[in-house]
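Source file model35.cif; content: mmCIF, C-alpha atoms.
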data_final
#
loop_
_atom_site.label_atom_id
_atom_site.label_comp_id
_atom_site.auth_asym_id
_atom_site.auth_seq_id
_atom_site.Cartn_x
_atom_site.Cartn_y
_atom_site.Cartn_z
CA MET A 21 0.00 0.00 0.00
CA ALA A 22 2.81 2.39 0.84
CA ARG A 23 4.61 1.50 -2.43
CA ARG A 24 1.49 2.38 -4.48
CA GLN A 25 1.19 5.76 -2.80
CA GLU A 26 4.88 6.47 -3.43
CA ARG A 27 4.52 5.62 -7.15
CA ALA A 28 1.44 7.86 -7.47
CA THR A 29 3.28 10.71 -5.80
CA CYS A 30 6.35 10.33 -8.04
CA GLY A 31 4.13 9.93 -11.12
CA GLY A 32 2.78 13.43 -10.61
CA CYS A 33 6.25 14.93 -10.26
CA TRP A 34 6.77 15.34 -14.08
CA LEU A 35 3.46 17.12 -14.73
CA PRO A 36 4.75 20.66 -13.85
CA TRP A 37 7.73 20.16 -16.16
CA LEU A 38 5.43 19.04 -19.00
CA GLY A 39 3.28 22.13 -18.49
CA LEU A 40 6.31 24.38 -18.73
CA ALA A 41 7.41 22.63 -21.95
CA LEU A 42 4.01 23.09 -23.65
CA LEU A 43 3.50 26.68 -22.49
CA PRO A 44 5.19 28.30 -25.58
CA LEU A 45 2.94 26.28 -27.89
CA ALA A 46 -0.21 27.25 -26.02
CA VAL A 47 0.47 31.00 -26.25
CA LEU A 48 -0.21 32.42 -29.76
CA PRO A 49 2.53 34.76 -30.94
CA ALA A 50 1.54 38.30 -31.79
CA ALA A 51 1.90 39.36 -35.43
CA ALA A 52 5.32 40.91 -35.58
CA PRO A 53 6.05 43.64 -38.09
CA GLY A 54 7.14 42.12 -41.38
CA SER A 55 5.58 38.70 -40.68
CA CYS A 56 3.64 36.73 -43.30
CA PRO A 57 0.31 38.42 -44.17
CA SER A 58 -2.80 36.68 -42.91
CA ALA A 59 -4.24 36.39 -46.43
CA CYS A 60 -1.07 34.75 -47.81
CA TYR A 61 1.31 31.96 -47.06
CA CYS A 62 5.08 32.10 -47.02
CA VAL A 63 7.91 29.73 -47.82
CA ALA A 64 11.16 30.58 -46.12
CA THR A 65 13.77 29.18 -48.52
CA PRO A 66 13.90 31.13 -50.71
CA GLU A 67 11.62 33.81 -49.34
CA LEU A 68 8.36 33.35 -51.26
CA VAL A 69 4.99 34.97 -50.53
CA GLN A 70 1.88 33.85 -52.39
CA CYS A 71 -1.56 35.44 -52.06
CA ARG A 72 -4.14 33.60 -54.13
CA TYR A 73 -7.77 34.46 -54.71
CA GLU A 74 -8.12 36.49 -51.53
CA LYS A 75 -9.82 39.44 -53.31
CA LEU A 76 -7.27 41.93 -52.07
CA GLU A 77 -7.97 45.51 -53.12
CA GLU A 78 -4.43 46.70 -52.43
CA PRO A 79 -1.07 44.99 -51.96
CA PRO A 80 -0.54 43.64 -48.43
CA LYS A 81 1.47 45.97 -46.22
CA GLU A 82 2.83 43.47 -43.65
CA LEU A 83 5.23 41.70 -46.02
CA PRO A 84 8.54 40.27 -44.78
CA ASP A 85 11.37 42.60 -45.68
CA THR A 86 13.43 39.60 -46.87
CA VAL A 87 10.92 38.42 -49.49
CA HIS A 88 12.44 37.58 -52.88
CA ASN A 89 9.35 36.46 -54.81
CA LEU A 90 5.86 37.88 -54.37
CA SER A 91 2.82 36.46 -56.17
CA ILE A 92 -0.67 38.00 -55.93
CA THR A 93 -3.23 36.15 -58.05
CA GLY A 94 -6.99 36.44 -58.48
CA SER A 95 -7.44 39.65 -56.50
CA ASN A 96 -9.07 42.98 -57.36
CA LEU A 97 -6.20 45.47 -57.24
CA SER A 98 -7.73 47.55 -60.07
CA ILE A 99 -5.37 50.54 -59.73
CA LEU A 100 -1.71 50.48 -58.80
CA HIS A 101 -1.29 53.83 -57.06
CA PRO A 102 2.08 55.57 -56.61
CA ALA A 103 4.35 53.62 -54.23
CA ALA A 104 1.80 50.83 -53.98
CA PHE A 105 4.46 48.48 -52.55
CA ALA A 106 6.43 51.03 -50.54
CA ALA A 107 4.56 50.75 -47.23
CA ARG A 108 7.51 48.65 -46.06
CA PRO A 109 10.83 48.62 -47.96
CA LEU A 110 11.39 45.42 -49.96
CA PRO A 111 15.01 45.76 -51.00
CA ASP A 112 15.40 42.09 -52.00
CA LEU A 113 12.22 41.59 -54.06
CA ARG A 114 13.29 40.32 -57.47
CA LEU A 115 10.14 38.77 -58.94
CA LEU A 116 6.62 40.23 -58.75
CA ARG A 117 3.66 38.36 -60.25
CA LEU A 118 0.32 40.16 -60.48
CA ARG A 119 -1.77 37.82 -62.64
CA HIS A 120 -5.57 37.88 -62.92
CA ASP A 121 -5.79 40.86 -60.55
CA ASN A 122 -8.17 43.01 -62.65
CA ILE A 123 -5.53 45.74 -62.92
CA HIS A 124 -6.59 48.39 -65.43
CA THR A 125 -4.48 51.40 -64.39
CA ILE A 126 -0.81 51.77 -63.46
CA GLU A 127 0.04 55.22 -62.19
CA ASP A 128 3.38 57.02 -62.05
CA MET A 129 5.95 55.50 -59.66
CA ALA A 130 3.59 52.63 -58.86
CA LEU A 131 6.55 50.30 -58.26
CA GLN A 132 8.60 52.68 -56.15
CA GLY A 133 10.37 50.92 -53.29
CA LEU A 134 11.36 47.84 -55.30
CA PRO A 135 14.93 48.70 -56.31
CA ALA A 136 16.00 45.09 -56.98
CA LEU A 137 12.98 44.04 -59.07
CA ARG A 138 14.07 42.21 -62.22
CA THR A 139 10.92 40.36 -63.37
CA LEU A 140 7.39 41.81 -63.50
CA ASP A 141 4.41 39.73 -64.60
CA LEU A 142 1.20 41.65 -65.41
CA SER A 143 -0.36 38.96 -67.59
CA HIS A 144 -4.13 38.44 -67.80
CA ASN A 145 -5.08 41.96 -66.69
CA PRO A 146 -7.38 44.30 -68.67
CA LEU A 147 -4.93 47.19 -68.88
CA LEU A 148 -6.46 50.49 -70.00
CA TRP A 149 -3.89 53.06 -68.91
CA VAL A 150 -0.16 52.91 -68.25
CA ALA A 151 1.43 56.16 -67.11
CA ALA A 152 4.68 57.32 -68.67
CA GLY A 153 6.47 56.92 -65.32
CA ALA A 154 4.82 53.65 -64.32
CA PHE A 155 8.13 51.75 -64.26
CA ALA A 156 10.36 54.61 -63.13
CA GLY A 157 11.05 53.02 -59.73
CA VAL A 158 12.48 49.74 -61.07
CA PRO A 159 15.70 50.57 -62.94
CA LEU A 160 16.88 46.92 -62.87
CA LEU A 161 13.77 45.51 -64.54
CA ARG A 162 14.84 43.06 -67.27
CA THR A 163 11.77 40.87 -67.93
CA LEU A 164 8.26 42.21 -68.53
CA GLN A 165 5.37 39.80 -69.11
CA LEU A 166 2.22 41.27 -70.66
CA ASN A 167 0.56 38.13 -72.00
CA GLN A 168 -3.15 38.71 -72.70
CA ALA A 169 -2.91 42.15 -71.10
CA LEU A 170 -3.34 44.41 -74.15
CA LEU A 171 -6.75 43.21 -75.32
CA ALA A 172 -8.88 45.90 -73.66
CA ALA A 173 -7.30 48.95 -75.32
CA PRO A 174 -4.48 49.89 -77.73
CA LEU A 175 -1.59 50.73 -75.40
CA GLU A 176 1.38 50.64 -77.76
CA GLU A 177 2.12 54.37 -77.52
CA GLN A 178 1.68 54.47 -73.73
CA LEU A 179 3.92 51.46 -73.21
CA ALA A 180 6.55 52.90 -75.54
CA LEU A 181 6.81 55.96 -73.27
CA ALA A 182 6.80 53.87 -70.10
CA LEU A 183 9.59 51.58 -71.36
CA ARG A 184 11.84 54.22 -72.89
CA ASN A 185 14.27 54.36 -69.94
CA LEU A 186 14.40 50.63 -69.21
CA SER A 187 16.97 48.09 -70.38
CA LEU A 188 14.64 45.17 -71.01
CA ARG A 189 16.05 41.84 -72.09
CA ARG A 190 12.82 39.85 -72.44
CA LEU A 191 9.34 41.05 -73.42
CA GLU A 192 6.32 38.72 -73.55
CA LEU A 193 3.28 39.80 -75.60
CA ALA A 194 1.61 36.46 -76.25
CA GLY A 195 -2.14 36.25 -76.77
CA ASN A 196 -2.80 39.94 -77.47
CA ALA A 197 -4.35 39.64 -80.97
CA LEU A 198 -1.53 41.71 -82.46
CA ARG A 199 -1.73 42.07 -86.25
CA ALA A 200 1.68 43.70 -86.72
CA LEU A 201 5.09 43.73 -85.10
CA PRO A 202 5.03 46.32 -82.25
CA ALA A 203 8.21 48.04 -83.41
CA THR A 204 7.84 50.93 -80.95
CA LEU A 205 7.98 48.48 -78.02
CA LEU A 206 11.37 47.06 -78.98
CA PRO A 207 14.07 48.89 -77.00
CA ALA A 208 17.67 48.55 -78.05
CA GLY A 209 19.29 45.58 -76.37
CA LEU A 210 16.13 43.45 -76.26
CA GLU A 211 17.11 39.78 -76.53
CA GLU A 212 13.82 37.84 -76.46
CA LEU A 213 10.36 38.71 -77.79
CA ASP A 214 7.41 36.36 -77.33
CA LEU A 215 4.69 36.93 -79.96
CA ARG A 216 2.97 33.55 -79.81
CA ASN A 217 -0.77 33.16 -80.18
CA ASN A 218 -1.41 36.53 -81.83
CA SER A 219 -3.04 37.43 -85.17
CA LEU A 220 0.10 37.84 -87.26
CA GLN A 221 -0.29 36.75 -90.89
CA ARG A 222 3.25 37.70 -91.86
CA LEU A 223 6.07 40.12 -91.11
CA THR A 224 6.31 42.82 -93.76
CA ALA A 225 9.52 44.00 -95.38
CA ALA A 226 9.49 47.19 -93.26
CA GLU A 227 9.08 45.17 -90.05
CA LEU A 228 11.93 42.88 -91.06
CA ARG A 229 14.15 45.92 -91.64
CA SER A 230 13.38 47.14 -88.13
CA LEU A 231 14.66 43.81 -86.77
CA GLU A 232 18.00 44.50 -88.42
CA ALA A 233 18.54 47.73 -86.46
CA PRO A 234 21.92 47.84 -84.67
CA GLY A 235 20.39 47.26 -81.22
CA LEU A 236 18.12 44.38 -82.28
CA ARG A 237 20.32 42.15 -84.40
CA GLY A 238 20.53 39.62 -81.58
CA LEU A 239 16.78 39.58 -80.92
CA ARG A 240 15.12 36.14 -80.84
CA LEU A 241 11.40 35.84 -81.65
CA THR A 242 8.88 33.10 -80.91
CA LEU A 243 6.00 33.16 -83.39
CA GLY A 244 4.08 29.94 -82.85
CA ALA A 245 0.27 29.72 -83.02
CA ASN A 246 -0.09 32.68 -85.40
CA PRO A 247 -2.43 32.41 -88.45
CA LEU A 248 0.30 32.77 -91.07
CA SER A 249 -1.05 33.32 -94.59
CA CYS A 250 1.14 31.50 -97.10
CA ASP A 251 0.60 33.64 -100.20
CA CYS A 252 2.99 35.69 -102.31
CA ALA A 253 3.11 38.44 -99.65
CA LEU A 254 4.88 35.97 -97.35
CA ARG A 255 7.95 35.72 -99.64
CA PRO A 256 10.07 38.43 -97.89
CA PHE A 257 9.41 36.86 -94.47
CA LEU A 258 10.11 33.36 -95.79
CA ALA A 259 13.44 34.49 -97.26
CA TRP A 260 14.36 36.19 -93.95
CA LEU A 261 13.32 33.13 -91.95
CA ARG A 262 15.53 30.83 -94.03
CA ALA A 263 18.51 33.14 -93.52
CA ALA A 264 17.87 33.76 -89.79
CA THR A 265 16.46 30.47 -88.52
CA ALA A 266 18.56 30.73 -85.35
CA ARG A 267 16.70 33.92 -84.40
CA VAL A 268 13.32 32.11 -84.38
CA PRO A 269 13.59 29.17 -81.94
CA ASP A 270 10.24 27.71 -83.04
CA ALA A 271 10.85 28.23 -86.78
CA ARG A 272 10.51 24.52 -87.57
CA ASN A 273 7.08 24.45 -85.90
CA LEU A 274 5.57 27.35 -87.87
CA ARG A 275 2.61 26.24 -90.02
CA CYS A 276 0.41 27.83 -92.68
CA ALA A 277 -3.15 28.74 -91.70
CA GLY A 278 -4.17 29.42 -95.31
CA PRO A 279 -4.93 29.25 -98.15
CA PRO A 280 -6.69 25.85 -97.89
CA PRO A 281 -4.28 23.95 -100.20
CA LEU A 282 -1.34 24.87 -97.91
CA ARG A 283 -3.10 24.70 -94.55
CA GLY A 284 -0.86 22.91 -92.05
CA ALA A 285 2.23 23.01 -94.28
CA ALA A 286 5.58 23.74 -92.63
CA LEU A 287 6.92 27.17 -93.62
CA LEU A 288 10.52 26.07 -94.02
CA ARG A 289 9.46 23.45 -96.60
CA LEU A 290 7.79 25.97 -98.89
CA ARG A 291 9.34 27.43 -102.02
CA PRO A 292 8.88 31.16 -102.64
CA GLU A 293 7.88 30.57 -106.27
CA GLY A 294 5.15 28.22 -105.09
CA LEU A 295 3.36 30.93 -103.09
CA ALA A 296 0.50 32.21 -105.23
CA CYS A 297 -1.10 35.62 -104.85
CA ALA A 298 -4.60 35.39 -103.44
CA ALA A 299 -7.10 38.23 -103.53
CA ALA A 300 -7.36 39.87 -100.13
CA GLU A 301 -9.63 42.78 -99.47
CA GLY A 302 -7.48 45.85 -98.97
CA GLY A 303 -4.30 43.78 -99.10
CA GLU A 304 -1.31 43.86 -101.40
CA PRO A 305 -2.20 40.65 -103.30
CA GLY A 306 -5.66 42.01 -104.04
CA ARG A 307 -4.23 45.27 -105.34
CA LEU A 308 -1.83 43.41 -107.62
CA GLU A 309 -4.61 41.31 -109.08
CA THR A 310 -6.82 44.36 -109.57
CA ALA A 311 -3.98 46.14 -111.36
CA SER A 312 -3.47 43.16 -113.67
CA TYR A 313 -7.16 43.15 -114.60
CA VAL A 314 -7.06 46.89 -115.33
CA PHE A 315 -3.97 46.46 -117.52
CA PHE A 316 -5.62 43.61 -119.42
CA GLY A 317 -8.72 45.74 -120.02
CA ILE A 318 -6.60 48.62 -121.31
CA VAL A 319 -4.83 46.30 -123.77
CA LEU A 320 -8.14 44.97 -125.07
CA ALA A 321 -9.44 48.53 -125.47
CA LEU A 322 -6.34 49.51 -127.50
CA ILE A 323 -6.77 46.48 -129.75
CA GLY A 324 -10.40 47.42 -130.34
CA ILE A 325 -9.47 51.02 -131.19
CA VAL A 326 -6.80 49.87 -133.64
CA PHE A 327 -9.28 47.52 -135.31
CA LEU A 328 -11.88 50.27 -135.71
CA MET A 329 -9.25 52.63 -137.18
CA VAL A 330 -8.26 50.00 -139.73
CA LEU A 331 -11.88 49.57 -140.72
CA TYR A 332 -12.34 53.30 -141.05
CA LEU A 333 -9.23 53.84 -143.16
CA ASN A 334 -10.17 50.98 -145.51
CA ARG A 335 -13.86 51.74 -145.71
CA ARG A 336 -13.84 52.22 -149.51
CA GLY A 337 -11.96 49.02 -150.16
CA ILE A 338 -14.23 47.17 -147.75
CA LYS A 339 -17.28 48.64 -149.50
CA ARG A 340 -15.93 47.56 -152.91
CA TRP A 341 -15.17 44.10 -151.54
CA LEU A 342 -18.66 43.78 -150.13
CA HIS A 343 -20.16 44.92 -153.47
CA ASN A 344 -18.13 42.35 -155.40
CA LEU A 345 -19.08 39.67 -152.91
CA ARG A 346 -22.74 40.55 -153.31
CA GLU A 347 -22.50 40.45 -157.16
CA ALA A 348 -20.74 37.10 -157.01
CA CYS A 349 -23.42 35.72 -154.77
CA ARG A 350 -26.12 37.11 -157.06
CA ASP A 351 -24.54 35.52 -160.19
CA GLN A 352 -24.25 32.24 -158.36
CA MET A 353 -27.89 32.34 -157.32
CA GLU A 354 -29.04 33.26 -160.85
CA GLY A 355 -27.12 30.27 -162.21
CA TYR A 356 -28.84 27.98 -159.74
CA HIS A 357 -32.21 29.51 -160.60
CA TYR A 358 -31.67 29.03 -164.38
CA ARG A 359 -30.74 25.39 -163.97
CA TYR A 360 -33.79 24.83 -161.83
CA GLU A 361 -36.06 26.31 -164.52
CA GLN A 362 -34.45 24.18 -167.20
CA ASP A 363 -34.89 21.02 -165.22
CA ALA A 364 -38.53 21.88 -164.45
CA ASP A 365 -39.55 22.58 -168.19
CA PRO A 366 -42.05 19.78 -169.33
CA ARG A 367 -41.09 20.07 -173.00
CA ARG A 368 -37.51 19.31 -172.19
CA THR A 369 -38.68 16.31 -170.19
CA ASN A 370 -40.86 14.92 -173.07
CA ALA A 371 -38.10 15.38 -175.62
CA MET A 372 -35.72 13.41 -173.47
CA GLY A 373 -38.36 10.62 -173.12
CA THR A 374 -38.83 10.04 -177.04
CA PRO A 375 -35.34 9.58 -178.54
CA GLY A 376 -36.59 8.12 -181.89
CA LEU A 377 -38.30 11.27 -182.97
#
Using structure tokens, write down the structure that the file contains.
Amino acid sequence: MARRQERATCGGCWLPWLGLALLPLAVLPAAAPGSCPSACYCVATPELVQCRYEKLEEPPKELPDTVHNLSITGSNLSILHPAAFAARPLPDLRLLRLRHDNIHTIEDMALQGLPALRTLDLSHNPLLWVAAGAFAGVPLLRTLQLNQALLAAPLEEQLALALRNLSLRRLELAGNALRALPATLLPAGLEELDLRNNSLQRLTAAELRSLEAPGLRGLRLTLGANPLSCDCALRPFLAWLRAATARVPDARNLRCAGPPPLRGAALLRLRPEGLACAAAEGGEPGRLETASYVFFGIVLALIGIVFLMVLYLNRRGIKRWLHNLREACRDQMEGYHYRYEQDADPRRTNAMGTPGL
């Protein structure tokens, strides 16, 4: 009995120590400045903050100052105001993704406070206005992704002003229904340009010349999933593509979208002389065909005029020839008529029937 009581007493000796060990876990830590925002989750190595589909109306302010990558997706940021990310300095932020955030306006100095930012992703936002100083606070920006972000409004001139002082190395413009090469958006020194899934039918001779500018001779383009029209207007681009295949990484995958006989054909297997000119409303092939029809009509008109002049100058001879032809026909008809009368005379018939008389 005494041994049982001793064991029970000693068994309760470790309970205070256990309580002291669990006390730090039972007390919730207060949100320290610069801790992970409540609407996001963080990964420590490397510092990564992701905020997904939390319907944020402004960037979170309680971000860790050591964050390297920040991703905000599916929110409703709408307008990036000046110094939108400067509530707390983020000197190490290098990658900022703002996809599907319904951003339509980027004001001057919106990215102030991000001195180390090198990659900015604004894809899948209905951009309507980009201020001239929108990217003034990120001098080290090298990659800008604007995939499916230029569908709501034509922003080429605004972006050209906003990018004029940057030294971009990669620009992504996929899925923006572009019908021409955005030459004004190509700063000197650009190395990669993504134009996939647009509405490009060809690159014109003028656009190809712009790619040979001193600061763009090393530019690489990706052009897949564009509705390339394989007619005679494609010949300059086809010749350039054959000579600069290394500048188009997906050159071997480019296919014709039309005309129907060439649909699906690989561009690099086509011969320039085999590309026929098809009529296109308002296009160069259509104008060439129209000009050929006009020229053919003019030639026919000249031939007709010459023929009428010949008839006019020889009207007397033609009249004499027609008169002689008419007299000859008349003599021939009179001969036939005389023979018919002779054959139809009954006396001549009776005389031929009685030879003995």
At a cut-off of 9 Å from (7.2, 44.2, -95.2) in the coordinates of the file, what residues are picked up using only C-alpha atoms, written as a list in words?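 Residues close enough to count: Arg222, Leu223, Thr224, Ala225, Ala226, Glu227, Leu228, Arg229, Ala253, Leu254, Pro256 and Phe257 of chain A.
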How many Å lie between atom CA of A:Asn185 and atom CA of A:Pro102, rounded to one decimal?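 The value is 18.1 Å.
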Choose the residue, out of A:Arg289, A:Arg216, A:Arg138, A:His120, that has the smallest atom-to-atom separation from A:Arg199; count only C-alpha atoms.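 The answer is A:Arg216, which sits nearest to A:Arg199.
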By how many Å are atom CA of A:Leu287 and atom CA of A:Leu231 apart? 19.6 Å
Residues in the PyMOL selection byres ((chain A and resi 127) around 12), expressed as an MDAnalysis selection string: chainID A and resid 98:104 123:126 128:132 147:157 178 182
Please rebuild stretch 172-188 of chain A with N, CA and C atoms and return the result as a PDB file, keeping the file's coordinate frame.
ATOM      1  N   ALA A 172      -7.797  44.961 -73.983  1.00  0.00           N
ATOM      2  CA  ALA A 172      -8.880  45.900 -73.660  1.00  0.00           C
ATOM      3  C   ALA A 172      -8.735  47.226 -74.374  1.00  0.00           C
ATOM      4  N   ALA A 173      -7.510  47.637 -74.686  1.00  0.00           N
ATOM      5  CA  ALA A 173      -7.300  48.950 -75.320  1.00  0.00           C
ATOM      6  C   ALA A 173      -5.944  48.942 -76.014  1.00  0.00           C
ATOM      7  N   PRO A 174      -5.787  49.766 -77.070  1.00  0.00           N
ATOM      8  CA  PRO A 174      -4.480  49.890 -77.730  1.00  0.00           C
ATOM      9  C   PRO A 174      -3.528  50.714 -76.868  1.00  0.00           C
ATOM     10  N   LEU A 175      -2.497  50.073 -76.354  1.00  0.00           N
ATOM     11  CA  LEU A 175      -1.590  50.730 -75.400  1.00  0.00           C
ATOM     12  C   LEU A 175      -0.169  50.845 -75.936  1.00  0.00           C
ATOM     13  N   GLU A 176       0.023  50.677 -77.233  1.00  0.00           N
ATOM     14  CA  GLU A 176       1.380  50.640 -77.760  1.00  0.00           C
ATOM     15  C   GLU A 176       2.117  51.952 -77.499  1.00  0.00           C
ATOM     16  N   GLU A 177       1.453  53.086 -77.723  1.00  0.00           N
ATOM     17  CA  GLU A 177       2.120  54.370 -77.520  1.00  0.00           C
ATOM     18  C   GLU A 177       2.399  54.615 -76.039  1.00  0.00           C
ATOM     19  N   GLN A 178       1.458  54.278 -75.166  1.00  0.00           N
ATOM     20  CA  GLN A 178       1.680  54.470 -73.730  1.00  0.00           C
ATOM     21  C   GLN A 178       2.822  53.600 -73.226  1.00  0.00           C
ATOM     22  N   LEU A 179       2.859  52.352 -73.660  1.00  0.00           N
ATOM     23  CA  LEU A 179       3.920  51.460 -73.210  1.00  0.00           C
ATOM     24  C   LEU A 179       5.272  51.906 -73.747  1.00  0.00           C
ATOM     25  N   ALA A 180       5.285  52.430 -74.972  1.00  0.00           N
ATOM     26  CA  ALA A 180       6.550  52.900 -75.540  1.00  0.00           C
ATOM     27  C   ALA A 180       7.151  54.003 -74.669  1.00  0.00           C
ATOM     28  N   LEU A 181       6.314  54.903 -74.162  1.00  0.00           N
ATOM     29  CA  LEU A 181       6.810  55.960 -73.270  1.00  0.00           C
ATOM     30  C   LEU A 181       7.238  55.399 -71.924  1.00  0.00           C
ATOM     31  N   ALA A 182       6.484  54.421 -71.415  1.00  0.00           N
ATOM     32  CA  ALA A 182       6.800  53.870 -70.100  1.00  0.00           C
ATOM     33  C   ALA A 182       8.077  53.035 -70.117  1.00  0.00           C
ATOM     34  N   LEU A 183       8.431  52.468 -71.271  1.00  0.00           N
ATOM     35  CA  LEU A 183       9.590  51.580 -71.360  1.00  0.00           C
ATOM     36  C   LEU A 183      10.836  52.273 -71.873  1.00  0.00           C
ATOM     37  N   ARG A 184      10.741  53.555 -72.179  1.00  0.00           N
ATOM     38  CA  ARG A 184      11.840  54.220 -72.890  1.00  0.00           C
ATOM     39  C   ARG A 184      13.130  54.259 -72.089  1.00  0.00           C
ATOM     40  N   ASN A 185      13.060  54.264 -70.762  1.00  0.00           N
ATOM     41  CA  ASN A 185      14.270  54.360 -69.940  1.00  0.00           C
ATOM     42  C   ASN A 185      14.686  53.037 -69.325  1.00  0.00           C
ATOM     43  N   LEU A 186      14.059  51.943 -69.751  1.00  0.00           N
ATOM     44  CA  LEU A 186      14.400  50.630 -69.210  1.00  0.00           C
ATOM     45  C   LEU A 186      15.361  49.897 -70.141  1.00  0.00           C
ATOM     46  N   SER A 187      16.061  48.933 -69.591  1.00  0.00           N
ATOM     47  CA  SER A 187      16.970  48.090 -70.380  1.00  0.00           C
ATOM     48  C   SER A 187      16.429  46.662 -70.368  1.00  0.00           C
ATOM     49  N   LEU A 188      15.275  46.481 -70.985  1.00  0.00           N
ATOM     50  CA  LEU A 188      14.640  45.170 -71.010  1.00  0.00           C
ATOM     51  C   LEU A 188      15.469  44.181 -71.805  1.00  0.00           C
TER      52      LEU A 188
END
